[in-house]
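Below: one structure, written as structure tokens.
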Amino acid sequence: MTAARALARSVQHLLRGPVVDLARVDANIMNLITQIDHAGGVVRRIRDFLHRGRPHSSTIAMRELLTNALALASPEAVSKGVSIALDVPDDLPVVHGDAVQLQQVTLNLVCNAVEAIAGAHMLNGRITVVARRQEAPAWIEISVVDNGPGITAEMVERLFHPLTTSKTDGLGLGLSISASIVEAHGGRIGLQTGKAGATEFRFSLPLETG
């Protein structure tokens, strides 16, 4: 929803300008509609997940899923001067799970990184999303790495607990629900390192073999 607010502010800024770029306004409005539709779908799917306790399963191309997640995160990142890069091999195998839920896990990690960088008033903020196949056991591993201010030792201990947040307007549900989603897919999620300049969250999903 923060990305949707950023798009709305962008549209309002364009409309107040001396010369209205109608093509740009139209593109921003279409992006805003996409954001709202996505948010509605996420709320419905997460609510269903919380009731059912298991994901809807389908075949997922992870490159496409990650690309779509970053497209949703991009407006907010751009508005805060943060660049996002995607590093995914072309031959990454598919996984089975709920695309909406897994996209939301990725989006949550990326948006958290954007907000941490922006909150520290950093210049040249960077986030890189990396996906790799791991063997023995067979996993897809997704990393979200940022050059932000890092995470304090006190916060590390409580990151995935419900109602834990460092945001002044946050509910503290994002990482807790993300962990539940990943675990319901048979995967795992955690903080690899909270070091300033190289903070990294990872989540892994099992591959069906045989």
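As shown in the structure tokens, the chain order sets the letters A, B, ...; within each chain, residues go from 1, and ligands are also counted from 1 in the order they appear.
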
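Summary of the local environment: counting only C-alpha atoms, residues at most 7 Å from stretch 121-133 of chain A, other than itself and those fewer than 5 positions away along its chain, are Gly81, Val82, Ser83, Ile84, Ala85, Leu86, Asp87, Val88, Leu92, Trp139, Ile140, Glu141, Ile142, Ser143, Val144, Val145, Asp146, Asn147 and Gly148 of chain A.
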
Could you give me, as a tab-separated table, every stretch 59-89 of chain A residue with an atom at most 12 Å from stretch 183-207 of chain A, plus its closest atom pair and distance in Å to one decimal, counting only C-alpha atoms, rows ordered by chain then number?
```
residue	atom	partner	partner_atom	distance
A:Thr59	CA	A:Leu207	CA	11.1
A:Ile60	CA	A:Leu207	CA	11.2
A:Met62	CA	A:Leu205	CA	10.5
```

Item to check | Atom pair atom CA of A:Ile151 / atom CA of A:Ala116: separation (Å) | outcome: 9.1 Å

Next on the checklist: Quick check, in Å to one decimal: how far apart do atom CA of A:Leu65 and atom CA of A:Val182 lie?
Outcome noted: 14.8 Å

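Running DSSP on the backbone gives helix (DSSP H, G or I) for these residues within stretch 111-158 of chain A: Cys111, Asn112, Ala113, Val114, Glu115, Ala116, Ile117, Ala118, Gly119, Ala153, Glu154, Met155 and Val156 of chain A.
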
Item to check | Neighbour list for A:Ser74 as a ChimeraX atom specification, cut-off 10 Å, only C-alpha atoms, skip fewer than 3 positions in-chain | outcome: /A:3,68-71,77-80,82-84,110-111,114

May I have the residues from that selection written out with C-alpha atoms, as a compact mmCIF listing (two decimals), in the first residue's frame?
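Output saved as again.txt:
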```txt
# COMPACT_ATOMS: atom_id res chain seq x y z
CA ALA A 3 3.83 1.99 -3.15
CA ASN A 68 6.69 -8.99 -10.87
CA ALA A 69 7.44 -8.44 -7.18
CA LEU A 70 10.19 -5.93 -7.99
CA ALA A 71 7.91 -4.13 -10.45
CA ALA A 77 12.05 2.52 -4.18
CA VAL A 78 12.50 5.11 -6.94
CA SER A 79 10.66 7.74 -4.90
CA LYS A 80 13.19 7.17 -2.07
CA VAL A 82 16.90 3.29 -3.84
CA SER A 83 17.97 1.11 -6.77
CA ILE A 84 16.90 -2.53 -7.08
CA VAL A 110 12.30 -5.70 -0.40
CA CYS A 111 9.99 -3.01 1.00
CA VAL A 114 13.73 0.23 1.11
```

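The spacing separating atom CA of A:Asp90 from atom CA of A:Arg63 amounts to 7.7 Å.
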
Next on the checklist: I need the residues in stretch 66-102 of chain A that are strand (DSSP E) according to DSSP; give them as a PyMOL selection string.
Outcome noted: chain A and resi 82-87+95-97

Checklist outcome for this item: Among A:Ala120, A:Ala99, A:Leu109, A:Ile181, A:Pro149 is approached most closely, using only C-alpha atoms, by A:Ala120
